[in-house]
file data12.txt (compact mmCIF, C-alpha atoms)
# COMPACT_ATOMS: atom_id res chain seq x y z
CA MET Q 207 11.28 66.90 27.87
CA THR Q 208 14.58 67.58 29.68
CA VAL Q 209 15.15 67.10 33.42
CA PHE Q 210 18.21 67.78 35.57
CA LEU Q 211 19.50 64.99 37.81
CA GLY Q 212 22.62 65.66 39.92
CA GLY Q 213 23.66 68.49 37.69
CA CYS Q 214 23.23 66.39 34.51
CA SER Q 215 20.51 66.94 31.95
CA VAL Q 216 18.48 63.90 30.75
CA THR Q 217 16.09 64.03 27.81
CA LEU Q 218 12.99 61.79 28.13
CA ALA Q 219 11.02 60.62 25.10
CA PRO Q 220 7.32 61.44 25.06
CA TRP Q 221 5.03 58.68 26.50
CA GLY Q 222 3.40 57.98 23.17
CA GLU Q 223 6.76 57.58 21.47
CA THR Q 224 7.85 55.08 24.15
CA LEU Q 225 4.71 52.96 23.55
CA SER Q 226 5.27 53.05 19.81
CA THR Q 227 8.83 51.83 20.19
CA GLY Q 228 7.68 49.02 22.49
CA SER Q 229 5.03 47.93 19.98
CA MET Q 230 7.61 47.84 17.23
CA LEU Q 231 9.86 45.65 19.35
CA VAL Q 232 6.99 43.23 20.10
CA GLN Q 233 6.06 43.07 16.41
CA ALA Q 234 9.68 42.43 15.44
CA GLY Q 235 9.85 39.65 18.02
CA LEU Q 236 6.67 38.03 16.72
CA THR Q 237 7.95 38.25 13.15
CA ALA Q 238 11.20 36.60 14.18
CA LEU Q 239 9.30 33.78 15.92
CA THR Q 240 7.11 33.26 12.83
CA VAL Q 241 10.15 33.04 10.57
CA LEU Q 242 11.87 30.66 12.98
CA GLY Q 243 8.75 28.45 13.12
CA ALA Q 244 8.53 28.39 9.32
CA LEU Q 245 12.20 27.44 9.06
CA LEU Q 246 11.78 24.63 11.59
CA LEU Q 247 8.68 23.35 9.75
CA TRP Q 248 10.51 23.45 6.44
CA GLU Q 249 13.44 21.57 7.94
CA ARG Q 250 11.06 18.93 9.30
CA ILE Q 251 9.29 18.54 5.94
CA SER Q 252 12.61 18.40 4.08
CA GLY Q 253 13.91 15.82 6.55
CA ARG Q 254 10.85 13.61 6.05
CA SER Q 255 11.17 13.97 2.29
CA ARG Q 256 14.83 12.94 2.41
CA GLN Q 257 13.94 10.00 4.64
CA ARG Q 258 11.22 8.83 2.24
CA GLY Q 259 13.61 9.06 -0.69
CA GLN Q 260 16.29 7.11 1.15
CA LEU Q 261 13.87 4.34 2.15
CA LEU Q 262 12.49 4.05 -1.39
CA ARG Q 263 15.99 3.84 -2.87
CA GLU Q 264 16.96 1.11 -0.41
CA LEU Q 265 13.76 -0.81 -1.16
CA ARG Q 266 14.45 -0.69 -4.91
CA TYR Q 267 18.02 -1.85 -4.32
CA LEU Q 268 16.86 -4.86 -2.27
CA LEU Q 269 13.80 -5.65 -4.41
CA HIS Q 270 14.87 -9.09 -5.63
CA TRP Q 271 16.91 -10.26 -2.62
CA SER Q 272 15.17 -13.52 -1.72
CA ALA Q 273 17.19 -14.50 1.38
CA GLU Q 274 15.46 -14.35 4.76
CA GLU Q 275 17.47 -11.29 5.78
CA GLY Q 276 16.43 -9.51 2.60
CA VAL Q 277 12.77 -10.30 3.18
CA LEU Q 278 12.97 -9.01 6.76
CA ARG Q 279 14.66 -5.77 5.69
CA LYS Q 280 12.10 -5.16 2.94
CA THR Q 281 9.26 -5.86 5.35
CA GLY Q 282 10.67 -3.25 7.71
CA LEU Q 283 11.10 -0.75 4.87
CA LEU Q 284 7.49 -1.19 3.75
CA ARG Q 285 6.21 -0.59 7.26
CA ASP Q 286 8.47 2.45 7.72
CA LEU Q 287 7.24 3.92 4.44
CA ASN Q 288 3.61 3.32 5.38
CA GLY Q 289 4.35 5.06 8.68
CA LEU Q 290 5.50 8.09 6.69
CA GLY Q 291 2.32 8.01 4.63
CA VAL Q 292 3.96 6.49 1.54
CA VAL Q 293 2.58 3.61 -0.55
CA PRO Q 294 5.43 2.18 -2.67
CA ARG Q 295 4.32 1.68 -6.27
CA GLU Q 296 7.17 0.01 -8.15
CA LEU Q 297 7.43 -3.48 -6.66
CA GLU Q 298 7.49 -5.64 -9.77
CA ARG Q 299 8.94 -9.12 -9.10
CA VAL Q 300 9.66 -8.21 -5.48
CA SER Q 301 10.67 -11.18 -3.32
CA LEU Q 302 8.64 -11.27 -0.08
CA HIS Q 303 8.37 -15.02 0.45
CA GLY Q 304 6.73 -15.66 3.84
CA ALA Q 305 6.82 -11.97 4.83
CA GLN Q 306 4.76 -10.69 7.77
CA LEU Q 307 2.78 -7.96 5.99
CA ASP Q 308 -0.52 -7.94 7.87
CA GLY Q 309 -2.27 -4.59 7.44
CA VAL Q 310 0.27 -3.31 4.90
CA LEU Q 311 -0.81 -0.52 2.51
CA LEU Q 312 -0.10 -1.44 -1.11
CA GLN Q 313 -3.12 -0.10 -2.94
CA GLY Q 314 -2.35 0.66 -6.58
CA SER Q 315 1.11 -0.92 -6.34
CA ARG Q 316 2.65 -2.76 -9.28
CA LEU Q 317 3.42 -6.25 -7.96
CA LYS Q 318 3.52 -8.17 -11.24
CA GLY Q 319 5.36 -11.45 -10.82
CA ALA Q 320 5.92 -10.82 -7.10
CA ASP Q 321 6.91 -13.71 -4.83
CA LEU Q 322 4.43 -13.57 -1.93
CA HIS Q 323 4.38 -17.32 -1.37
CA GLY Q 324 3.14 -18.00 2.17
CA ALA Q 325 3.06 -14.30 3.08
CA ASP Q 326 0.85 -13.02 5.89
CA LEU Q 327 -1.30 -10.34 4.26
CA ARG Q 328 -4.23 -10.35 6.65
CA GLY Q 329 -6.14 -7.08 6.42
CA ALA Q 330 -3.77 -5.73 3.77
CA ARG Q 331 -4.92 -2.96 1.42
CA LEU Q 332 -4.30 -4.12 -2.14
CA ASP Q 333 -7.10 -2.26 -3.92
CA ALA Q 334 -6.32 -1.75 -7.63
CA ALA Q 335 -2.91 -3.39 -7.18
CA ASP Q 336 -1.47 -5.23 -10.20
CA LEU Q 337 -0.61 -8.76 -9.05
CA SER Q 338 -0.56 -10.33 -12.51
CA GLY Q 339 1.42 -13.57 -12.45
CA ALA Q 340 2.25 -13.19 -8.76
CA ASP Q 341 2.92 -16.25 -6.60
CA LEU Q 342 0.59 -16.11 -3.59
CA GLU Q 343 0.40 -19.83 -2.93
CA GLY Q 344 -0.46 -20.53 0.71
CA ALA Q 345 -0.67 -16.83 1.56
CA ASN Q 346 -3.07 -15.53 4.19
CA LEU Q 347 -5.31 -12.81 2.76
CA GLU Q 348 -8.10 -12.97 5.30
CA ARG Q 349 -10.06 -9.69 5.43
CA ALA Q 350 -7.71 -8.21 2.84
CA SER Q 351 -9.09 -5.59 0.46
CA LEU Q 352 -8.46 -6.49 -3.20
CA CYS Q 353 -11.19 -4.39 -4.74
CA GLY Q 354 -10.38 -3.87 -8.42
CA ALA Q 355 -7.07 -5.73 -8.10
CA ILE Q 356 -5.56 -7.45 -11.15
CA LEU Q 357 -4.75 -11.10 -10.41
CA ARG Q 358 -4.51 -12.47 -13.93
CA ASP Q 359 -2.50 -15.71 -14.10
CA ALA Q 360 -1.71 -15.43 -10.38
CA ASN Q 361 -1.04 -18.53 -8.28
CA LEU Q 362 -3.58 -18.52 -5.43
CA ASP Q 363 -3.46 -22.23 -4.66
CA GLY Q 364 -4.22 -22.91 -1.01
CA VAL Q 365 -4.62 -19.20 -0.24
CA SER Q 366 -7.04 -18.03 2.44
CA LEU Q 367 -9.35 -15.31 1.13
CA ALA Q 368 -11.87 -15.63 3.95
CA LYS Q 369 -13.90 -12.41 4.22
CA ALA Q 370 -11.62 -10.73 1.66
CA ASP Q 371 -13.05 -8.12 -0.70
CA LEU Q 372 -12.56 -9.25 -4.32
CA SER Q 373 -15.19 -6.94 -5.77
CA ARG Q 374 -14.39 -6.05 -9.39
CA ALA Q 375 -11.10 -7.94 -9.15
CA ASN Q 376 -9.75 -9.64 -12.29
CA LEU Q 377 -8.82 -13.30 -11.69
CA HIS Q 378 -8.67 -14.34 -15.34
CA ARG Q 379 -6.75 -17.66 -15.57
CA ALA Q 380 -5.75 -17.47 -11.91
CA SER Q 381 -5.27 -20.75 -10.05
CA LEU Q 382 -7.39 -21.10 -6.90
CA VAL Q 383 -7.02 -24.82 -6.24
CA ASP Q 384 -8.01 -25.47 -2.61
CA ALA Q 385 -8.43 -21.73 -1.98
CA ASN Q 386 -10.62 -20.71 0.97
CA LEU Q 387 -13.26 -18.19 -0.16
CA HIS Q 388 -15.46 -18.33 2.93
CA GLY Q 389 -17.36 -15.05 3.20
CA ALA Q 390 -15.37 -13.41 0.39
CA LYS Q 391 -17.04 -10.59 -1.56
CA LEU Q 392 -17.23 -11.58 -5.22
CA GLU Q 393 -19.40 -8.80 -6.63
CA ASP Q 394 -18.54 -8.28 -10.31
CA THR Q 395 -15.39 -10.39 -9.88
CA ARG Q 396 -13.96 -11.64 -13.18
CA LEU Q 397 -13.32 -15.37 -12.92
CA HIS Q 398 -13.17 -16.43 -16.58
CA ARG Q 399 -10.88 -19.48 -16.94
CA ALA Q 400 -9.88 -19.35 -13.26
CA ARG Q 401 -8.98 -22.85 -12.05
CA PHE Q 402 -10.58 -24.20 -8.88
CA ALA Q 403 -9.42 -27.84 -9.15
CA ALA Q 404 -6.37 -29.62 -10.49
CA ARG Q 405 -6.66 -31.54 -13.76
CA GLN Q 406 -5.90 -34.85 -12.07
CA ALA Q 407 -8.64 -34.35 -9.47
CA GLY Q 408 -11.27 -36.10 -11.61
CA LEU Q 409 -14.49 -35.03 -9.89
CA PHE Q 410 -13.94 -31.30 -9.88
CA HIS Q 411 -17.15 -30.39 -8.07
CA GLN Q 412 -15.98 -32.47 -5.12
CA ALA Q 413 -12.32 -31.49 -5.33
CA VAL Q 414 -12.68 -27.73 -4.90
CA HIS Q 415 -12.48 -26.20 -1.43
CA PRO Q 416 -15.83 -26.53 0.42
CA SER Q 417 -15.99 -22.75 0.92
CA VAL Q 418 -16.30 -22.10 -2.83
CA GLU Q 419 -19.74 -20.88 -3.86
CA ASP Q 420 -22.11 -23.37 -5.53
CA TRP Q 421 -22.60 -21.05 -8.50
CA ILE Q 422 -18.88 -21.36 -9.21
CA ARG Q 423 -18.93 -25.15 -8.93
CA GLU Q 424 -21.77 -25.34 -11.43
CA ARG Q 425 -19.68 -23.54 -14.03
CA LEU Q 426 -16.50 -25.63 -13.91
CA ASP Q 427 -15.47 -27.33 -17.12
CA ALA Q 428 -13.69 -30.66 -17.54
CA GLN Q 429 -10.38 -29.03 -16.56
CA GLY Q 430 -11.69 -27.53 -13.35
CA ARG Q 431 -11.79 -24.01 -14.79
CA TYR Q 432 -14.60 -21.53 -14.38
CA GLN Q 433 -16.69 -20.97 -17.51
CA GLY Q 434 -18.70 -17.78 -17.46
CA GLY Q 435 -18.54 -14.14 -18.34
CA GLU Q 436 -16.64 -12.63 -21.23
CA ALA Q 437 -13.15 -13.70 -22.24
CA GLU Q 438 -10.42 -11.32 -21.13
CA PRO Q 439 -7.97 -9.65 -23.54
CA GLU Q 440 -4.43 -10.99 -23.55
CA THR Q 441 -2.86 -7.72 -22.40
CA THR Q 442 -3.00 -6.54 -18.82
CA GLU Q 443 -3.94 -2.97 -18.02
CA THR Q 444 -1.54 -1.50 -15.49
CA LEU Q 445 -1.85 1.67 -13.48
CA ALA Q 446 0.65 3.68 -15.49
CA GLY Q 447 1.70 7.14 -14.49
CA GLN Q 448 1.28 6.73 -10.74
CA THR Q 449 4.03 7.71 -8.36
CA ASP Q 450 4.72 6.98 -4.72
CA GLU Q 451 2.19 8.92 -2.73
CA SER Q 452 0.20 9.05 0.46
CA PRO Q 453 -2.70 6.61 0.91
CA SER Q 454 -6.13 8.05 0.33

call {"tool": "encode", "arguments": {"input": "data12.txt", "output": "structure tokens"}}
result
Amino acid sequence: MTVFLGGCSVTLAPWGETLSTGSMLVQAGLTALTVLGALLLWERISGRSRQRGQLLRELRYLLHWSAEEGVLRKTGLLRDLNGLGVVPRELERVSLHGAQLDGVLLQGSRLKGADLHGADLRGARLDAADLSGADLEGANLERASLCGAILRDANLDGVSLAKADLSRANLHRASLVDANLHGAKLEDTRLHRARFAARQAGLFHQAVHPSVEDWIRERLDAQGRYQGGEAEPETTETLAGQTDESPS
């Protein structure tokens, strides 16, 4: 339709065509917002992924640094990774002597030969973790979850396992001299050859920590080791093939 205004002709689009054009503009705007949102989300995900990778690389680099500063930095890295939903797996022979790791998530982690002497691991999640040969002497593992954990040949002397869950854990040849097991869950726990008293103690049934169950005391041999259950194979099964991933 054409109208004349002040001697000039102006052509007006039909009403329906004007609505159609407006709808197209709205749709284009919504599409642009969707694309922008997707790009921002991707950038956020990529940024978190880069951050996780950086933290894991730094942790691996510092793994065996035993100085106090190194322990503090690794403690911070572990907490930062947990905060990002990551459970570090490869921690073999890590040095965390006296570290404050209460509530840390390390389920399924490989901690063979780790130095956790005197560490605070209250309420930690260590289910299915491989702690073979680890030094946990004097550590605090109260209320920690060690369900299915491998603790073969580990040093648990003087450790507090009060109310800890050791169900299905493997403590073959572990040393638990003066270990506090008050209220610990020991369902299907493998204790074959685990030591509960030092050789020089003499009267082993009196030398073990008073919190140790009577049924364990009754099965101690002349060396203070638990006799019961089947002997364990000499090789340790590890959780091969796992990668760093979010906790379940």

call {"tool": "residues_around", "arguments": {"input": "data12.txt", "residues": "range 281-291 of chain Q", "least_positions_apart": "4", "cutoff": "9 Å", "atoms": "all atoms listed in the file", "output": "JSON, numbers by chain"}}
result
{"Q": [254, 257, 258, 261, 262, 264, 265, 276, 277, 302, 305, 306, 307, 310, 311, 312, 451, 452, 453]}

call {"tool": "closest_atom_pairs", "arguments": {"input": "data12.txt", "of": "range 264-374 of chain Q", "to": "range 412-435 of chain Q", "cutoff": "10 Å", "atoms": "all atoms listed in the file", "output": "tab-separated table"}}
result
residue	atom	partner	partner_atom	distance
Q:Gly364	CA	Q:His415	CA	8.9
Q:Leu367	CA	Q:Ser417	CA	10.0
Q:Ala368	CA	Q:Ser417	CA	8.8

call {"tool": "atom_distance", "arguments": {"input": "data12.txt", "atom1": "CA of Gly389 in chain Q", "atom2": "CA of Ser373 in chain Q"}}
result
12.3 Å

call {"tool": "closest_residue", "arguments": {"input": "data12.txt", "among": "Q:Asp321, Q:Asp371, Q:Asp336, Q:Glu298", "to": "Cys353 in chain Q", "atoms": "all atoms listed in the file"}}
result
Q:Asp371

call {"tool": "atom_distance", "arguments": {"input": "data12.txt", "atom1": "CA of Leu322 in chain Q", "atom2": "CA of Ser272 in chain Q"}}
result
10.7 Å

call {"tool": "closest_residue", "arguments": {"input": "data12.txt", "among": "Q:Leu327, Q:Ala334, Q:Val300, Q:Ala375", "to": "Ser315 in chain Q", "atoms": "all atoms listed in the file"}}
result
Q:Ala334

call {"tool": "atom_distance", "arguments": {"input": "data12.txt", "atom1": "CA of Arg299 in chain Q", "atom2": "CA of Leu317 in chain Q"}}
result
6.3 Å

call {"tool": "closest_residue", "arguments": {"input": "data12.txt", "among": "Q:Gly259, Q:Gly304, Q:Gly319, Q:Gly314", "to": "Asn361 in chain Q", "atoms": "all atoms listed in the file"}}
result
Q:Gly319

call {"tool": "closest_residue", "arguments": {"input": "data12.txt", "among": "Q:Lys318, Q:Arg374, Q:Arg266, Q:His323", "to": "Asp359 in chain Q", "atoms": "all atoms listed in the file"}}
result
Q:Lys318

call {"tool": "closest_residue", "arguments": {"input": "data12.txt", "among": "Q:Ala273, Q:Leu297, Q:Leu337, Q:Ala350", "to": "Ala380 in chain Q", "atoms": "only C-alpha atoms"}}
result
Q:Leu337

call {"tool": "closest_residue", "arguments": {"input": "data12.txt", "among": "Q:Lys280, Q:His388, Q:His398, Q:His378", "to": "Gly339 in chain Q", "atoms": "all atoms listed in the file"}}
result
Q:His378

call {"tool": "axis_aligned_box", "arguments": {"input": "data12.txt", "around": "range 340-357 of chain Q", "padding_each_side": "3 Å", "output": "AutoDock Vina command-line options"}}
result
--center_x -4.1 --center_y -12.2 --center_z -2.9 --size_x 20.1 --size_y 22.7 --size_z 22.6

call {"tool": "decode", "arguments": {"input": "data12.txt", "residues": "range 289-310 of chain Q", "atoms": "N, CA and C atoms", "output": "compact mmCIF listing (two decimals), in the first residue's frame"}}
result
# COMPACT_ATOMS: atom_id res chain seq x y z
N GLY Q 289 37.42 -30.59 45.40
CA GLY Q 289 36.43 -29.55 45.18
C GLY Q 289 35.97 -29.47 43.74
N LEU Q 290 36.82 -29.93 42.81
CA LEU Q 290 36.46 -29.97 41.39
C LEU Q 290 35.86 -31.31 41.00
N GLY Q 291 35.63 -32.16 41.99
CA GLY Q 291 35.03 -33.47 41.73
C GLY Q 291 36.01 -34.51 41.24
N VAL Q 292 37.30 -34.32 41.52
CA VAL Q 292 38.34 -35.24 41.05
C VAL Q 292 38.94 -36.02 42.22
N VAL Q 293 39.07 -37.33 42.05
CA VAL Q 293 39.77 -38.19 43.02
C VAL Q 293 41.09 -38.62 42.38
N PRO Q 294 42.22 -38.08 42.82
CA PRO Q 294 43.50 -38.47 42.23
C PRO Q 294 43.77 -39.96 42.44
N ARG Q 295 44.22 -40.63 41.40
CA ARG Q 295 44.47 -42.07 41.49
C ARG Q 295 45.93 -42.41 41.74
N GLU Q 296 46.83 -41.80 40.98
CA GLU Q 296 48.23 -42.20 41.01
C GLU Q 296 48.99 -41.45 42.11
N LEU Q 297 49.03 -42.05 43.30
CA LEU Q 297 49.69 -41.43 44.44
C LEU Q 297 50.68 -42.39 45.09
N GLU Q 298 51.26 -43.25 44.31
CA GLU Q 298 52.20 -44.24 44.85
C GLU Q 298 53.41 -43.56 45.46
N ARG Q 299 53.73 -43.95 46.70
CA ARG Q 299 54.87 -43.44 47.48
C ARG Q 299 54.76 -41.92 47.75
N VAL Q 300 53.56 -41.39 47.74
CA VAL Q 300 53.39 -39.98 48.04
C VAL Q 300 53.80 -39.69 49.48
N SER Q 301 54.41 -38.54 49.72
CA SER Q 301 54.84 -38.16 51.05
C SER Q 301 53.84 -37.16 51.62
N LEU Q 302 53.06 -37.60 52.62
CA LEU Q 302 52.06 -36.76 53.28
C LEU Q 302 52.17 -36.92 54.79
N HIS Q 303 53.39 -36.94 55.27
CA HIS Q 303 53.67 -37.11 56.70
C HIS Q 303 52.98 -36.01 57.50
N GLY Q 304 52.08 -36.41 58.42
CA GLY Q 304 51.41 -35.46 59.29
C GLY Q 304 50.40 -34.55 58.61
N ALA Q 305 49.98 -34.88 57.40
CA ALA Q 305 49.06 -34.01 56.65
C ALA Q 305 47.67 -33.96 57.27
N GLN Q 306 47.01 -32.81 57.13
CA GLN Q 306 45.64 -32.64 57.61
C GLN Q 306 44.69 -33.00 56.46
N LEU Q 307 44.25 -34.24 56.44
CA LEU Q 307 43.45 -34.75 55.32
C LEU Q 307 42.10 -35.28 55.78
N ASP Q 308 41.56 -34.70 56.83
CA ASP Q 308 40.25 -35.15 57.31
C ASP Q 308 39.20 -34.95 56.22
N GLY Q 309 38.42 -36.01 55.99
CA GLY Q 309 37.35 -35.96 55.00
C GLY Q 309 37.79 -36.03 53.56
N VAL Q 310 39.07 -36.27 53.29
CA VAL Q 310 39.56 -36.30 51.92
C VAL Q 310 38.97 -37.49 51.16
